[in-house]
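Novice: Take a look at the following structure, please.
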Amino acid sequence: MDIRLESIHHSYKEFEVLRDITLDIPKGKIVCIVGPSGCGKSTLLRLIGGLEKPGAGRVVQVGAPPENCLNPLTYVFQDFALLPWRSVRGNISLVLEDHRIRGAEATRIIDDVLARTKLTDFADALPKQLSGGMKQRVAIARALAVNPAVMLMDEPLSALDSQTRELLMDDLVSLWCRQPFTAVYVTHNLHEAVRLGHSIVVLSRRPGRIREIVEIDTPLEERQMGDTDLDLKQKYLWQLMRDEARAADAELLNV
Amino acid sequence: MSDVPLTAPSTAPAQTQTIAFRGGGFAPHTHRWVGVAVFVVLILIAEWGTRTGWISALTLPRPSDVFKTFGELYSSGLLFKHLGPSLARLAVGATLGACVGVSVGVLIGLFSYIRSGLVPLVAALFPIPKIALLPLFVIWFGIGEGSKYALIAFGTFTPTVVATYAAVDNVDRTLIRMGQSFGLSWWSIVRKIVLPGAMPGILSGLRISLAIAIILLVAAEMLGAEYGIGAYILQAGSLYDLERLFAGVVILSLLGVLVSAIIAMIERRVLGWRT
């Protein structure tokens, strides 16, 4: 199942946030969206998943979601959004209960996603007992449990410290390598973008338009720290963004 | 001025001084026995004062006499004759008021029209002294138990509503968006996200509501009650029998402490997830 955005416009009252966004999100690829703060990246993600209605244009699903997919468009949020009163297992079972998956079948799915995210030993822990990185792994496990067609990741690593971020990026890469998933990955961190993205969409400052789409052909599993090619891409992306970011920064002061 | 060195010469040993701690305080925590000690000290002062005549018997009954009255009340079996109906009234009235209050509060928290319609109404009802409405309740619900239940229920209702809808408003919206993004049904979101998320606020609201219910118990027993702690206190009051009056008041206080302890127990069990 692919996702296609057809000339999306969006504004909040008189503020135009997004202008004429047309984009294809192909199956099995990770599309990163980067841009200066306030350029509407997170808004775009909410539009894709149907949490917000676009002012004009439409988001189209091309083809059918895979069978046994419970929730085709599934988010991973920046602040994890775990229910603090439920254990790790309970948080995952939350999203299965509404699909009448209980008992042995639920246990099988939960155990599987916990194993894939290396959380098996923490099944009965409460979110307050977990570190930030673990919490986000629970959120990723929860997203995997509904077998999504597209994962919509809203700055999933931004609330974590840089070491944890590196570890989680490795985890995401190995998850993708074992079973390629489709994802839209919003971030302001260019390092994450060049590490995880098959293509990187650079948005301009508000109103966000697509400035350029940068493709990276190096396979995910071969991308290492200090790879000169990736460094060049990252530098290039930063050049694209620098002036926009500076202008966006100055703009906030004038509001 | 210019010949004063900015740093001490390296040859002389530098003076050392431990940095003084200045980060303490502003973090109160409970010492369990201090509360008990305050009670004991106050009672001992009253006892000592009344015995030495420093406090006249008309001002304050002697604590030991109050205790003796309490003992008589217990041994004559009258204690449970008074306590039984009072607890029943409290249980029925407060349960009714709290349940309706929580339901209405959740509805206010979830629906715009109900909120717009009921918030002003609740604001209008809240400051009415419910005791003033007792004659009205007697006409509506009869002089029997009905009017007593109604008075207590009504008194518990308003604070519960206000606490509940404030608690629902405070539920983390990102959790609700998360529920929607996973395609959870409306009812699932209310049951599994909104209600547990509002639970801390609802419980702390209940602390206040139940204390108000105990206050109103005495008011409810002003009319047409033969037995009941309130009736007992009012009888003693009209006779200026201070020992019995205080014995009744002590029972109410103990009831308040008990209710508060029960809620604390529920909080520990239900809200263990809080950091």
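Starting from 1 in every chain, residues are counted up; chains themselves are A, B, ... following the order of the structure tokens, and ligands are numbered from 1 as listed.
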Pick out the chain A residues within 10 Å of chain B. Count only C-alpha atoms. Give them as JSON, numbers by chain.

Specialist: {"A": [46, 49, 50, 51, 70, 71, 72, 73, 74, 75, 76, 77, 79, 80, 81, 82, 83, 84, 85, 86, 87, 94, 95, 96, 97, 98, 99, 126, 127, 128, 129, 142, 143, 146, 148]}

Novice: I'd like the neighbourhood of segment 125-136 of chain B as an mmCIF file with N, CA and C atoms, in the first residue's frame, where a residue qualifies if any of its atoms comes within 9 Å (using only C-alpha atoms), though same-chain residues fewer than 5 positions away should be ignored.

Specialist:
```cif
data_model
loop_
_atom_site.group_PDB
_atom_site.id
_atom_site.type_symbol
_atom_site.label_atom_id
_atom_site.label_comp_id
_atom_site.auth_asym_id
_atom_site.auth_seq_id
_atom_site.Cartn_x
_atom_site.Cartn_y
_atom_site.Cartn_z
ATOM 1 N N PRO B 120 -22.837 26.611 34.051
ATOM 2 C CA PRO B 120 -23.439 27.725 34.794
ATOM 3 C C PRO B 120 -24.419 27.243 35.853
ATOM 4 N N PHE B 141 -39.587 15.084 49.415
ATOM 5 C CA PHE B 141 -39.272 13.668 49.631
ATOM 6 C C PHE B 141 -39.837 13.111 50.940
ATOM 7 N N SER B 147 -35.813 12.601 52.428
ATOM 8 C CA SER B 147 -35.285 13.972 52.444
ATOM 9 C C SER B 147 -33.842 13.991 52.940
ATOM 10 N N LYS B 148 -33.504 13.049 53.846
ATOM 11 C CA LYS B 148 -32.129 13.016 54.370
ATOM 12 C C LYS B 148 -31.156 12.552 53.287
ATOM 13 N N LEU B 151 -30.732 15.423 50.777
ATOM 14 C CA LEU B 151 -29.889 16.544 51.231
ATOM 15 C C LEU B 151 -28.408 16.173 51.127
ATOM 16 N N ILE B 152 -28.073 14.974 51.623
ATOM 17 C CA ILE B 152 -26.666 14.555 51.584
ATOM 18 C C ILE B 152 -26.214 14.371 50.134
ATOM 19 N N PHE B 154 -27.379 15.784 47.431
ATOM 20 C CA PHE B 154 -27.270 17.070 46.753
ATOM 21 C C PHE B 154 -25.987 17.799 47.167
ATOM 22 N N GLY B 155 -25.673 17.697 48.462
ATOM 23 C CA GLY B 155 -24.471 18.352 48.958
ATOM 24 C C GLY B 155 -23.191 17.727 48.416
ATOM 25 N N THR B 158 -22.524 18.566 43.966
ATOM 26 C CA THR B 158 -21.875 19.720 43.316
ATOM 27 C C THR B 158 -20.347 19.686 43.383
ATOM 28 N N PRO B 159 -19.735 19.473 44.543
ATOM 29 C CA PRO B 159 -18.264 19.433 44.515
ATOM 30 C C PRO B 159 -17.712 18.283 43.677
ATOM 31 N N LEU B 216 -23.202 17.533 56.351
ATOM 32 C CA LEU B 216 -24.628 17.624 56.070
ATOM 33 C C LEU B 216 -25.441 16.575 56.819
ATOM 34 N N ALA B 219 -27.087 18.226 59.596
ATOM 35 C CA ALA B 219 -28.187 19.058 59.116
ATOM 36 C C ALA B 219 -29.384 18.184 58.749
ATOM 37 N N ALA B 220 -29.107 17.044 58.108
ATOM 38 C CA ALA B 220 -30.202 16.191 57.639
ATOM 39 C C ALA B 220 -30.985 15.625 58.811
ATOM 40 N N MET B 222 -31.667 17.162 61.528
ATOM 41 C CA MET B 222 -32.319 18.208 62.327
ATOM 42 C C MET B 222 -33.825 18.000 62.389
ATOM 43 N N LEU B 223 -34.389 17.464 61.303
ATOM 44 C CA LEU B 223 -35.840 17.322 61.241
ATOM 45 C C LEU B 223 -36.209 15.848 61.201
#
```

Novice: Could you pull out the alpha helix (DSSP H) residues of segment 20-175 of chain B, going by DSSP on the backbone, and write them as a VMD selection string?

Specialist: chain B and resid 32 to 52 63 to 75 78 to 110 112 to 125 134 to 141 145 to 169 173 to 175

Novice: Based on the backbone DSSP call, show me all residues of segment 3-251 of chain A assigned strand (DSSP E or B), as a PyMOL selection string.

Specialist: chain A and resi 3-12+15-25+30-34+56-62+73-76+150-154+182-186+199-203+208+210-215

Novice: Skip Thr164 of chain B itself and residues of its chain fewer than 3 positions away, then list as a ChimeraX atom specification all residues within 9 Å of it, counting only C-alpha atoms.

Specialist: /B:101-106,108-109,159-161,167-169,198-199,201-203,205

Novice: Using all heavy atoms, can you write the selected residues to a file as a tab-separated table (two decimals), in the first residue's frame?

Specialist:
```
chain	number	residue	atom	x	y	z
B	101	GLY	N	-22.74	12.68	40.48
B	101	GLY	CA	-21.77	13.75	40.28
B	101	GLY	C	-20.66	13.35	39.31
B	101	GLY	O	-20.33	14.11	38.40
B	102	VAL	N	-20.12	12.13	39.49
B	102	VAL	CA	-19.04	11.68	38.58
B	102	VAL	C	-19.58	11.56	37.16
B	102	VAL	O	-18.96	12.01	36.19
B	102	VAL	CB	-18.44	10.35	39.07
B	102	VAL	CG1	-17.54	9.75	38.01
B	102	VAL	CG2	-17.66	10.56	40.36
B	103	SER	N	-20.80	10.98	37.02
B	103	SER	CA	-21.36	10.81	35.67
B	103	SER	C	-21.56	12.16	35.00
B	103	SER	O	-21.17	12.36	33.84
B	103	SER	CB	-22.70	10.08	35.72
B	103	SER	OG	-22.65	9.03	36.63
B	104	VAL	N	-22.21	13.09	35.72
B	104	VAL	CA	-22.46	14.40	35.12
B	104	VAL	C	-21.14	15.11	34.82
B	104	VAL	O	-20.97	15.73	33.77
B	104	VAL	CB	-23.35	15.25	36.06
B	104	VAL	CG1	-23.45	16.69	35.55
B	104	VAL	CG2	-24.73	14.65	36.16
B	105	GLY	N	-20.16	14.97	35.73
B	105	GLY	CA	-18.86	15.60	35.52
B	105	GLY	C	-18.18	15.08	34.27
B	105	GLY	O	-17.62	15.84	33.48
B	106	VAL	N	-18.25	13.75	34.05
B	106	VAL	CA	-17.64	13.17	32.85
B	106	VAL	C	-18.35	13.69	31.60
B	106	VAL	O	-17.71	14.06	30.61
B	106	VAL	CB	-17.68	11.63	32.91
B	106	VAL	CG1	-17.28	11.02	31.58
B	106	VAL	CG2	-16.75	11.13	34.02
B	108	ILE	N	-19.93	16.53	31.26
B	108	ILE	CA	-19.51	17.92	31.06
B	108	ILE	C	-18.13	17.97	30.44
B	108	ILE	O	-17.84	18.79	29.56
B	108	ILE	CB	-19.53	18.70	32.40
B	108	ILE	CG1	-20.96	18.92	32.87
B	108	ILE	CG2	-18.82	20.04	32.26
B	108	ILE	CD1	-21.07	19.62	34.20
B	109	GLY	N	-17.27	17.04	30.89
B	109	GLY	CA	-15.92	17.03	30.36
B	109	GLY	C	-15.84	16.59	28.90
B	109	GLY	O	-14.86	16.89	28.23
B	159	PRO	N	-19.73	19.47	44.54
B	159	PRO	CA	-18.26	19.43	44.52
B	159	PRO	C	-17.71	18.28	43.68
B	159	PRO	O	-16.66	18.42	43.05
B	159	PRO	CB	-17.86	19.29	45.98
B	159	PRO	CG	-19.07	18.90	46.70
B	159	PRO	CD	-20.25	19.36	45.92
B	160	THR	N	-18.45	17.15	43.65
B	160	THR	CA	-17.98	16.03	42.83
B	160	THR	C	-17.99	16.39	41.35
B	160	THR	O	-17.05	16.08	40.62
B	160	THR	CB	-18.86	14.79	43.07
B	160	THR	OG1	-19.01	14.58	44.45
B	160	THR	CG2	-18.26	13.56	42.44
B	161	VAL	N	-19.07	17.07	40.92
B	161	VAL	CA	-19.16	17.46	39.51
B	161	VAL	C	-17.97	18.35	39.14
B	161	VAL	O	-17.28	18.11	38.15
B	161	VAL	CB	-20.47	18.23	39.23
B	161	VAL	CG1	-20.43	18.84	37.84
B	161	VAL	CG2	-21.65	17.30	39.34
B	167	ALA	N	-10.99	17.25	36.34
B	167	ALA	CA	-10.07	16.11	36.16
B	167	ALA	C	-10.11	15.60	34.73
B	167	ALA	O	-9.07	15.26	34.16
B	167	ALA	CB	-10.45	14.98	37.12
B	168	VAL	N	-11.30	15.57	34.14
B	168	VAL	CA	-11.41	15.10	32.75
B	168	VAL	C	-10.70	16.09	31.82
B	168	VAL	O	-10.01	15.69	30.88
B	168	VAL	CB	-12.89	14.93	32.35
B	168	VAL	CG1	-13.02	14.64	30.85
B	168	VAL	CG2	-13.52	13.78	33.13
B	169	ASP	N	-10.85	17.39	32.11
B	169	ASP	CA	-10.16	18.40	31.30
B	169	ASP	C	-8.65	18.20	31.35
B	169	ASP	O	-7.94	18.54	30.41
B	169	ASP	CB	-10.47	19.81	31.82
B	169	ASP	CG	-11.87	20.24	31.45
B	169	ASP	OD1	-12.51	19.51	30.69
B	169	ASP	OD2	-12.32	21.29	31.93
B	198	ALA	N	-8.56	10.49	34.66
B	198	ALA	CA	-9.22	11.48	35.52
B	198	ALA	C	-9.28	11.00	36.96
B	198	ALA	O	-9.64	11.77	37.86
B	198	ALA	CB	-10.63	11.75	35.00
B	199	MET	N	-8.92	9.74	37.20
B	199	MET	CA	-9.12	9.15	38.52
B	199	MET	C	-8.43	9.91	39.67
B	199	MET	O	-9.05	10.11	40.71
B	199	MET	CB	-8.67	7.68	38.49
B	199	MET	CG	-9.27	6.83	39.57
B	199	MET	SD	-11.02	7.07	39.78
B	199	MET	CE	-11.69	5.90	38.65
B	201	GLY	N	-7.87	13.08	40.03
B	201	GLY	CA	-8.68	14.27	40.32
B	201	GLY	C	-10.01	13.91	40.95
B	201	GLY	O	-10.48	14.57	41.88
B	202	ILE	N	-10.62	12.83	40.44
B	202	ILE	CA	-11.92	12.43	40.98
B	202	ILE	C	-11.77	12.02	42.44
B	202	ILE	O	-12.57	12.41	43.30
B	202	ILE	CB	-12.51	11.26	40.15
B	202	ILE	CG1	-12.86	11.75	38.74
B	202	ILE	CG2	-13.73	10.68	40.83
B	202	ILE	CD1	-13.34	10.65	37.81
B	203	LEU	N	-10.73	11.27	42.75
B	203	LEU	CA	-10.54	10.81	44.14
B	203	LEU	C	-10.26	11.98	45.07
B	203	LEU	O	-10.79	12.02	46.18
B	203	LEU	CB	-9.42	9.77	44.21
B	203	LEU	CG	-9.82	8.37	43.73
B	203	LEU	CD1	-8.65	7.44	43.79
B	203	LEU	CD2	-10.96	7.83	44.58
B	205	GLY	N	-11.29	14.93	44.65
B	205	GLY	CA	-12.58	15.60	44.78
B	205	GLY	C	-13.47	14.88	45.78
B	205	GLY	O	-14.18	15.51	46.57
```

Novice: Skip segment 209-222 of chain A itself and residues of its chain fewer than 3 positions away, then list as a PDB file with N, CA, C and O atoms, in the first residue's frame all residues within 6 Å of it, counting only C-alpha atoms.

Specialist:
```pdb
ATOM      1  N   ARG A  19       1.913  24.534   1.828  1.00  0.00           N
ATOM      2  CA  ARG A  19       1.476  25.004   0.517  1.00  0.00           C
ATOM      3  C   ARG A  19       1.857  23.978  -0.546  1.00  0.00           C
ATOM      4  O   ARG A  19       3.024  23.646  -0.698  1.00  0.00           O
ATOM      5  N   HIS A 198      15.334   6.605   3.092  1.00  0.00           N
ATOM      6  CA  HIS A 198      15.627   6.258   1.707  1.00  0.00           C
ATOM      7  C   HIS A 198      15.519   7.500   0.843  1.00  0.00           C
ATOM      8  O   HIS A 198      16.244   7.674  -0.114  1.00  0.00           O
ATOM      9  N   SER A 199      14.547   8.351   1.190  1.00  0.00           N
ATOM     10  CA  SER A 199      14.509   9.663   0.559  1.00  0.00           C
ATOM     11  C   SER A 199      14.209  10.691   1.651  1.00  0.00           C
ATOM     12  O   SER A 199      13.532  10.390   2.641  1.00  0.00           O
ATOM     13  N   ILE A 200      14.767  11.882   1.457  1.00  0.00           N
ATOM     14  CA  ILE A 200      14.633  12.923   2.477  1.00  0.00           C
ATOM     15  C   ILE A 200      13.964  14.127   1.841  1.00  0.00           C
ATOM     16  O   ILE A 200      14.470  14.684   0.862  1.00  0.00           O
ATOM     17  N   VAL A 201      12.809  14.475   2.371  1.00  0.00           N
ATOM     18  CA  VAL A 201      12.056  15.599   1.837  1.00  0.00           C
ATOM     19  C   VAL A 201      12.413  16.832   2.656  1.00  0.00           C
ATOM     20  O   VAL A 201      12.233  16.831   3.872  1.00  0.00           O
ATOM     21  N   VAL A 202      12.947  17.854   1.990  1.00  0.00           N
ATOM     22  CA  VAL A 202      13.307  19.072   2.718  1.00  0.00           C
ATOM     23  C   VAL A 202      12.190  20.089   2.518  1.00  0.00           C
ATOM     24  O   VAL A 202      11.855  20.438   1.387  1.00  0.00           O
ATOM     25  N   LEU A 203      11.602  20.517   3.631  1.00  0.00           N
ATOM     26  CA  LEU A 203      10.551  21.534   3.551  1.00  0.00           C
ATOM     27  C   LEU A 203      11.156  22.914   3.782  1.00  0.00           C
ATOM     28  O   LEU A 203      12.134  23.063   4.513  1.00  0.00           O
ATOM     29  N   SER A 204      10.552  23.916   3.140  1.00  0.00           N
ATOM     30  CA  SER A 204      10.986  25.291   3.380  1.00  0.00           C
ATOM     31  C   SER A 204      10.331  25.800   4.655  1.00  0.00           C
ATOM     32  O   SER A 204       9.497  25.122   5.241  1.00  0.00           O
TER      33      SER A 204
END
```

Novice: I'd like the contact shell of Pro156 of chain A - 12 Å cut-off, only C-alpha atoms, skipping same-chain residues fewer than 5 positions apart - returned as a PyMOL selection string.

Specialist: chain A and resi 32+42+75-81+132-133+135-140+151+161+164-165+168-169+172+183-189+192-193

Novice: Store the residues picked out above, limited to C-alpha atoms, as a short mmCIF file (atom, residue, chain, number, x, y, z; two decimals), in the first residue's frame.

Specialist:
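New file result-v5.cif:
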```cif
data_model
loop_
_atom_site.label_atom_id
_atom_site.label_comp_id
_atom_site.auth_asym_id
_atom_site.auth_seq_id
_atom_site.Cartn_x
_atom_site.Cartn_y
_atom_site.Cartn_z
CA CYS A 32 12.15 11.40 6.12
CA SER A 42 4.24 17.52 12.27
CA TYR A 75 1.74 6.68 14.77
CA VAL A 76 4.81 6.68 16.96
CA PHE A 77 4.71 9.88 19.00
CA GLN A 78 7.54 12.04 20.25
CA ASP A 79 6.32 11.86 23.86
CA PHE A 80 5.64 8.10 23.64
CA ALA A 81 1.93 8.42 24.62
CA GLY A 132 13.00 7.21 27.83
CA GLY A 133 14.57 4.88 25.30
CA LYS A 135 9.44 3.83 26.64
CA GLN A 136 9.90 4.62 22.98
CA ARG A 137 10.69 0.97 22.28
CA VAL A 138 7.38 0.08 23.95
CA ALA A 139 5.65 2.61 21.70
CA ILE A 140 7.35 1.05 18.67
CA MET A 151 4.30 3.95 10.30
CA ASP A 161 19.57 11.73 24.81
CA THR A 164 19.98 6.38 23.42
CA ARG A 165 19.14 7.92 20.07
CA LEU A 168 17.40 3.21 18.91
CA MET A 169 18.44 4.11 15.38
CA LEU A 172 15.10 0.69 13.85
CA ALA A 183 7.42 4.86 7.26
CA VAL A 184 7.13 8.61 7.19
CA TYR A 185 9.71 9.87 9.62
CA VAL A 186 9.51 13.50 10.70
CA THR A 187 12.62 14.89 12.34
CA HIS A 188 14.63 18.06 12.71
CA ASN A 189 17.79 16.02 13.16
CA GLU A 192 18.74 10.74 11.84
CA ALA A 193 17.47 11.63 8.39
#
```
